[in-house]
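Visitor: I am sharing query-v6.txt, which consists of compact mmCIF, N, CA and C atoms:
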# COMPACT_ATOMS: atom_id res chain seq x y z
N MET A 5 -22.56 5.72 -1.40
CA MET A 5 -21.53 6.09 -0.45
C MET A 5 -20.22 6.30 -1.20
N ARG A 6 -19.52 7.34 -0.85
CA ARG A 6 -18.25 7.67 -1.50
C ARG A 6 -17.10 6.92 -0.84
N THR A 7 -16.03 6.75 -1.58
CA THR A 7 -14.84 6.10 -1.07
C THR A 7 -13.92 7.16 -0.47
N LEU A 8 -13.38 6.89 0.71
CA LEU A 8 -12.41 7.78 1.33
C LEU A 8 -11.01 7.32 0.96
N VAL A 9 -10.23 8.22 0.41
CA VAL A 9 -8.85 7.93 0.03
C VAL A 9 -7.94 8.69 0.99
N TRP A 10 -7.15 7.94 1.77
CA TRP A 10 -6.30 8.53 2.80
C TRP A 10 -4.93 8.88 2.23
N SER A 11 -4.54 10.15 2.28
CA SER A 11 -3.20 10.53 1.86
C SER A 11 -2.20 10.18 2.96
N LYS A 12 -0.93 10.14 2.62
CA LYS A 12 0.11 9.84 3.62
C LYS A 12 0.12 10.90 4.72
N THR A 13 -0.06 12.16 4.34
CA THR A 13 -0.07 13.23 5.35
C THR A 13 -1.28 13.10 6.27
N PHE A 14 -2.40 12.66 5.71
CA PHE A 14 -3.58 12.48 6.55
C PHE A 14 -3.36 11.35 7.55
N VAL A 15 -2.76 10.26 7.11
CA VAL A 15 -2.50 9.12 8.01
C VAL A 15 -1.60 9.56 9.16
N LYS A 16 -0.54 10.31 8.85
CA LYS A 16 0.37 10.80 9.89
C LYS A 16 -0.36 11.73 10.85
N ALA A 17 -1.14 12.65 10.30
CA ALA A 17 -1.88 13.60 11.13
C ALA A 17 -2.94 12.89 11.98
N PHE A 18 -3.57 11.86 11.41
CA PHE A 18 -4.56 11.09 12.14
C PHE A 18 -3.92 10.41 13.35
N LYS A 19 -2.78 9.75 13.13
CA LYS A 19 -2.08 9.09 14.22
C LYS A 19 -1.63 10.09 15.29
N ARG A 20 -1.13 11.24 14.86
CA ARG A 20 -0.70 12.28 15.79
C ARG A 20 -1.88 12.80 16.62
N THR A 21 -3.00 13.01 15.95
CA THR A 21 -4.19 13.52 16.64
C THR A 21 -4.71 12.51 17.66
N ILE A 22 -4.75 11.22 17.29
CA ILE A 22 -5.22 10.18 18.21
C ILE A 22 -4.27 10.06 19.40
N LYS A 23 -2.98 10.20 19.15
CA LYS A 23 -2.00 10.11 20.24
C LYS A 23 -2.19 11.26 21.23
N ARG A 24 -2.42 12.45 20.72
CA ARG A 24 -2.60 13.62 21.58
C ARG A 24 -3.98 13.67 22.23
N HIS A 25 -4.99 13.17 21.53
CA HIS A 25 -6.39 13.25 22.00
C HIS A 25 -7.07 11.89 21.80
N PRO A 26 -6.74 10.88 22.62
CA PRO A 26 -7.30 9.53 22.41
C PRO A 26 -8.82 9.47 22.47
N THR A 27 -9.44 10.39 23.19
CA THR A 27 -10.89 10.38 23.31
C THR A 27 -11.59 10.78 22.01
N LEU A 28 -10.86 11.34 21.07
CA LEU A 28 -11.46 11.78 19.80
C LEU A 28 -11.61 10.67 18.77
N LYS A 29 -11.03 9.50 19.01
CA LYS A 29 -11.02 8.45 17.99
C LYS A 29 -12.42 8.10 17.50
N GLN A 30 -13.36 7.89 18.41
CA GLN A 30 -14.74 7.55 18.00
C GLN A 30 -15.39 8.70 17.24
N ASP A 31 -15.16 9.93 17.69
CA ASP A 31 -15.73 11.09 16.99
C ASP A 31 -15.18 11.20 15.57
N ILE A 32 -13.88 10.97 15.41
CA ILE A 32 -13.27 11.03 14.08
C ILE A 32 -13.87 9.95 13.18
N GLU A 33 -13.96 8.72 13.71
CA GLU A 33 -14.52 7.63 12.92
C GLU A 33 -15.95 7.92 12.50
N GLU A 34 -16.75 8.45 13.40
CA GLU A 34 -18.14 8.78 13.08
C GLU A 34 -18.21 9.90 12.04
N THR A 35 -17.37 10.91 12.18
CA THR A 35 -17.34 12.01 11.22
C THR A 35 -16.95 11.50 9.84
N LEU A 36 -15.98 10.59 9.77
CA LEU A 36 -15.57 10.03 8.48
C LEU A 36 -16.69 9.20 7.86
N ARG A 37 -17.46 8.48 8.69
CA ARG A 37 -18.60 7.71 8.16
C ARG A 37 -19.64 8.65 7.55
N VAL A 38 -19.94 9.74 8.28
CA VAL A 38 -20.93 10.71 7.78
C VAL A 38 -20.40 11.38 6.51
N LEU A 39 -19.11 11.71 6.50
CA LEU A 39 -18.49 12.35 5.34
C LEU A 39 -18.60 11.46 4.10
N ALA A 40 -18.36 10.17 4.27
CA ALA A 40 -18.45 9.23 3.15
C ALA A 40 -19.89 9.11 2.65
N LYS A 41 -20.83 9.16 3.56
CA LYS A 41 -22.24 9.01 3.20
C LYS A 41 -22.79 10.29 2.56
N ASP A 42 -22.52 11.44 3.20
CA ASP A 42 -23.02 12.72 2.69
C ASP A 42 -22.06 13.84 3.11
N PRO A 43 -21.16 14.26 2.21
CA PRO A 43 -20.16 15.27 2.57
C PRO A 43 -20.75 16.62 2.93
N PHE A 44 -22.01 16.84 2.59
CA PHE A 44 -22.64 18.12 2.90
C PHE A 44 -23.71 17.99 3.98
N ALA A 45 -23.59 16.97 4.82
CA ALA A 45 -24.52 16.81 5.95
C ALA A 45 -24.38 18.04 6.86
N PRO A 46 -25.50 18.56 7.36
CA PRO A 46 -25.46 19.79 8.15
C PRO A 46 -24.52 19.74 9.36
N GLN A 47 -24.42 18.59 10.02
CA GLN A 47 -23.59 18.53 11.23
C GLN A 47 -22.09 18.65 10.92
N LEU A 48 -21.70 18.49 9.66
CA LEU A 48 -20.28 18.60 9.29
C LEU A 48 -19.85 20.04 9.06
N GLY A 49 -20.77 20.89 8.70
CA GLY A 49 -20.40 22.29 8.43
C GLY A 49 -19.38 22.39 7.29
N THR A 50 -19.56 21.60 6.25
CA THR A 50 -18.62 21.57 5.13
C THR A 50 -18.58 22.92 4.42
N HIS A 51 -17.36 23.38 4.16
CA HIS A 51 -17.20 24.66 3.48
C HIS A 51 -15.96 24.64 2.59
N LYS A 52 -16.00 25.43 1.53
CA LYS A 52 -14.89 25.54 0.60
C LYS A 52 -13.84 26.47 1.19
N LEU A 53 -12.58 26.15 0.94
CA LEU A 53 -11.49 26.93 1.51
C LEU A 53 -10.95 27.94 0.50
N ARG A 54 -10.32 28.97 1.04
CA ARG A 54 -9.68 30.00 0.22
C ARG A 54 -8.23 30.11 0.63
N GLY A 55 -7.50 30.94 -0.05
CA GLY A 55 -6.10 31.16 0.29
C GLY A 55 -5.22 30.03 -0.19
N LYS A 56 -4.26 29.62 0.65
CA LYS A 56 -3.30 28.59 0.23
C LYS A 56 -3.96 27.23 0.02
N LEU A 57 -5.13 27.01 0.61
CA LEU A 57 -5.86 25.75 0.43
C LEU A 57 -7.04 25.92 -0.52
N SER A 58 -6.97 26.92 -1.37
CA SER A 58 -8.05 27.20 -2.31
C SER A 58 -8.33 25.97 -3.17
N GLY A 59 -9.59 25.67 -3.33
CA GLY A 59 -10.00 24.50 -4.10
C GLY A 59 -10.29 23.29 -3.24
N CYS A 60 -9.83 23.31 -2.00
CA CYS A 60 -10.09 22.21 -1.08
C CYS A 60 -11.33 22.51 -0.26
N TRP A 61 -11.76 21.53 0.48
CA TRP A 61 -12.92 21.65 1.34
C TRP A 61 -12.53 21.28 2.76
N ALA A 62 -13.30 21.72 3.74
CA ALA A 62 -13.06 21.35 5.13
C ALA A 62 -14.40 21.08 5.81
N CYS A 63 -14.36 20.19 6.80
CA CYS A 63 -15.54 19.96 7.62
C CYS A 63 -15.11 19.99 9.08
N SER A 64 -16.06 20.25 9.94
CA SER A 64 -15.79 20.37 11.36
C SER A 64 -15.86 19.03 12.06
N LEU A 65 -15.01 18.89 13.03
CA LEU A 65 -14.99 17.71 13.89
C LEU A 65 -15.02 18.27 15.31
N GLY A 66 -16.23 18.49 15.81
CA GLY A 66 -16.35 19.16 17.09
C GLY A 66 -16.12 20.65 16.92
N TYR A 67 -15.72 21.31 17.99
CA TYR A 67 -15.57 22.76 17.95
C TYR A 67 -14.26 23.20 17.29
N ASN A 68 -13.14 22.55 17.64
CA ASN A 68 -11.84 23.08 17.25
C ASN A 68 -11.10 22.24 16.20
N PHE A 69 -11.60 21.08 15.85
CA PHE A 69 -10.88 20.21 14.92
C PHE A 69 -11.50 20.26 13.54
N ARG A 70 -10.65 20.12 12.51
CA ARG A 70 -11.09 20.17 11.12
C ARG A 70 -10.49 19.01 10.33
N ILE A 71 -11.22 18.60 9.31
CA ILE A 71 -10.72 17.64 8.33
C ILE A 71 -10.72 18.36 6.99
N VAL A 72 -9.55 18.40 6.35
CA VAL A 72 -9.42 19.03 5.03
C VAL A 72 -9.42 17.92 3.99
N PHE A 73 -10.21 18.11 2.94
CA PHE A 73 -10.35 17.08 1.91
C PHE A 73 -10.62 17.72 0.56
N ASP A 74 -10.60 16.89 -0.46
CA ASP A 74 -10.92 17.34 -1.81
C ASP A 74 -11.71 16.22 -2.50
N PHE A 75 -12.44 16.58 -3.51
CA PHE A 75 -13.16 15.59 -4.30
C PHE A 75 -12.29 15.20 -5.50
N VAL A 76 -12.16 13.90 -5.74
CA VAL A 76 -11.39 13.41 -6.88
C VAL A 76 -12.27 12.48 -7.70
N LYS A 77 -12.06 12.50 -8.98
CA LYS A 77 -12.87 11.67 -9.89
C LYS A 77 -12.62 10.19 -9.64
N SER A 78 -13.69 9.44 -9.66
CA SER A 78 -13.62 8.00 -9.51
C SER A 78 -13.97 7.36 -10.84
N GLU A 79 -13.15 6.44 -11.28
CA GLU A 79 -13.41 5.79 -12.57
C GLU A 79 -14.55 4.79 -12.48
N GLU A 80 -14.75 4.19 -11.33
CA GLU A 80 -15.73 3.12 -11.20
C GLU A 80 -17.11 3.59 -10.76
N GLN A 81 -17.17 4.71 -10.04
CA GLN A 81 -18.45 5.15 -9.47
C GLN A 81 -18.90 6.43 -10.14
N THR A 82 -20.18 6.73 -9.97
CA THR A 82 -20.72 7.97 -10.52
C THR A 82 -20.38 9.15 -9.62
N GLU A 83 -20.19 8.89 -8.31
CA GLU A 83 -19.84 9.95 -7.38
C GLU A 83 -18.33 10.08 -7.26
N ASP A 84 -17.86 11.28 -6.97
CA ASP A 84 -16.44 11.50 -6.75
C ASP A 84 -16.01 10.86 -5.44
N ASP A 85 -14.74 10.42 -5.39
CA ASP A 85 -14.15 9.94 -4.14
C ASP A 85 -13.75 11.15 -3.31
N ILE A 86 -13.49 10.92 -2.04
CA ILE A 86 -13.05 11.98 -1.14
C ILE A 86 -11.60 11.70 -0.76
N PHE A 87 -10.72 12.63 -1.11
CA PHE A 87 -9.29 12.52 -0.84
C PHE A 87 -9.00 13.29 0.44
N LEU A 88 -8.69 12.55 1.50
CA LEU A 88 -8.44 13.16 2.81
C LEU A 88 -7.02 13.73 2.84
N ILE A 89 -6.90 15.01 3.16
CA ILE A 89 -5.62 15.70 3.08
C ILE A 89 -5.00 15.94 4.45
N GLU A 90 -5.78 16.45 5.40
CA GLU A 90 -5.23 16.85 6.70
C GLU A 90 -6.31 16.77 7.76
N ILE A 91 -5.87 16.54 8.99
CA ILE A 91 -6.77 16.57 10.15
C ILE A 91 -5.99 17.20 11.31
N GLY A 92 -6.67 17.99 12.08
CA GLY A 92 -6.03 18.62 13.24
C GLY A 92 -6.87 19.77 13.76
N THR A 93 -6.27 20.53 14.65
CA THR A 93 -6.97 21.70 15.19
C THR A 93 -7.09 22.74 14.09
N HIS A 94 -7.91 23.71 14.33
CA HIS A 94 -8.12 24.80 13.38
C HIS A 94 -6.79 25.45 13.03
N ASP A 95 -5.98 25.76 14.02
CA ASP A 95 -4.69 26.40 13.79
C ASP A 95 -3.69 25.51 13.07
N GLU A 96 -3.75 24.21 13.30
CA GLU A 96 -2.81 23.28 12.66
C GLU A 96 -3.07 23.13 11.16
N VAL A 97 -4.32 23.06 10.77
CA VAL A 97 -4.63 22.78 9.37
C VAL A 97 -4.71 24.05 8.52
N TYR A 98 -4.97 25.19 9.12
CA TYR A 98 -5.04 26.43 8.35
C TYR A 98 -3.76 27.20 8.55
Please, can you express the file's structure as structure tokens?

Guide:
Amino acid sequence: MRTLVWSKTFVKAFKRTIKRHPTLKQDIEETLRVLAKDPFAPQLGTHKLRGKLSGCWACSLGYNFRIVFDFVKSEEQTEDDIFLIEIGTHDEVY
């Protein structure tokens, strides 16, 4: 299982998203659990980004929400950690 590293912007966006959409909290938590276990699980729809977010990755959280992340080297583990960058609607994160 990979370690999730929360950036300051992700924490702010997470709190904002929960405040606006309280019913999404369980879905977000479940998506983060799956992401830590297998970032390329089919239900996540993980894909590489282009443009201003080139080099980053995104996964789906339901129909309209996305989590933007990147893989970072971990000194202690053989697998890369996951650096969480942004969460929000499709229009907010792109």

Visitor: Dump as a tab-separated table the rows for residues of stretch 42-67 of chain A within 12 Å of stretch 79-90 of chain A: closest atom pair and distance in Å with one decimal, only C-alpha atoms counted, ordered by chain and rising residue number.

Guide:
residue	atom	partner	partner_atom	distance
A:Asp42	CA	A:Ile86	CA	10.7
A:Pro43	CA	A:Ile86	CA	8.7
A:Leu57	CA	A:Ile89	CA	10.4
A:Cys60	CA	A:Ile89	CA	8.9
A:Trp61	CA	A:Ile89	CA	9.6
A:Ala62	CA	A:Glu90	CA	9.2
A:Cys63	CA	A:Glu90	CA	10.8

Visitor: Print the selection's residues with N, CA and C atoms to a file, as a CSV table (one decimal), in the coordinates of the input.

Guide:
chain,number,residue,atom,x,y,z
A,42,ASP,N,-22.5,11.4,3.2
A,42,ASP,CA,-23.0,12.7,2.7
A,42,ASP,C,-22.1,13.8,3.1
A,43,PRO,N,-21.2,14.3,2.2
A,43,PRO,CA,-20.2,15.3,2.6
A,43,PRO,C,-20.8,16.6,2.9
A,57,LEU,N,-5.1,27.0,0.6
A,57,LEU,CA,-5.9,25.8,0.4
A,57,LEU,C,-7.0,25.9,-0.5
A,60,CYS,N,-9.8,23.3,-2.0
A,60,CYS,CA,-10.1,22.2,-1.1
A,60,CYS,C,-11.3,22.5,-0.3
A,61,TRP,N,-11.8,21.5,0.5
A,61,TRP,CA,-12.9,21.6,1.3
A,61,TRP,C,-12.5,21.3,2.8
A,62,ALA,N,-13.3,21.7,3.7
A,62,ALA,CA,-13.1,21.4,5.1
A,62,ALA,C,-14.4,21.1,5.8
A,63,CYS,N,-14.4,20.2,6.8
A,63,CYS,CA,-15.5,20.0,7.6
A,63,CYS,C,-15.1,20.0,9.1

Visitor: Using all atoms listed in the file, which residue out of A:Thr7, A:Asn68, A:Thr27, A:Thr13 lies closest to A:Lys41?

Guide: A:Thr7

Visitor: Out of A:Ala45, A:Asp31, A:Leu39, A:Asp95, which residue has the shortest atom-to-atom distance to A:Gly66 when counting only N, CA and C atoms?

Guide: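 Of A:Ala45, A:Asp31, A:Leu39, A:Asp95, the one nearest A:Gly66, counting only N, CA and C atoms, is A:Asp31.
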
Visitor: Using only the atoms of stretch 32-35 of chain A listed in the file, plus 3 Å on each side, state the axis-aligned box centre and edge lengths in Å rounded to one decimal, as lines of an AutoDock Vina configuration file.

Guide:
center_x = -15.7
center_y = 9.8
center_z = 12.6
size_x = 10.9
size_y = 10.4
size_z = 11.6

Visitor: DSSP on the backbone, strand (DSSP E) only: what residues of chain A does that give? Format it as a ChimeraX atom specification.

Guide: /A:8-10,51-52,61-65,69-76,85-93
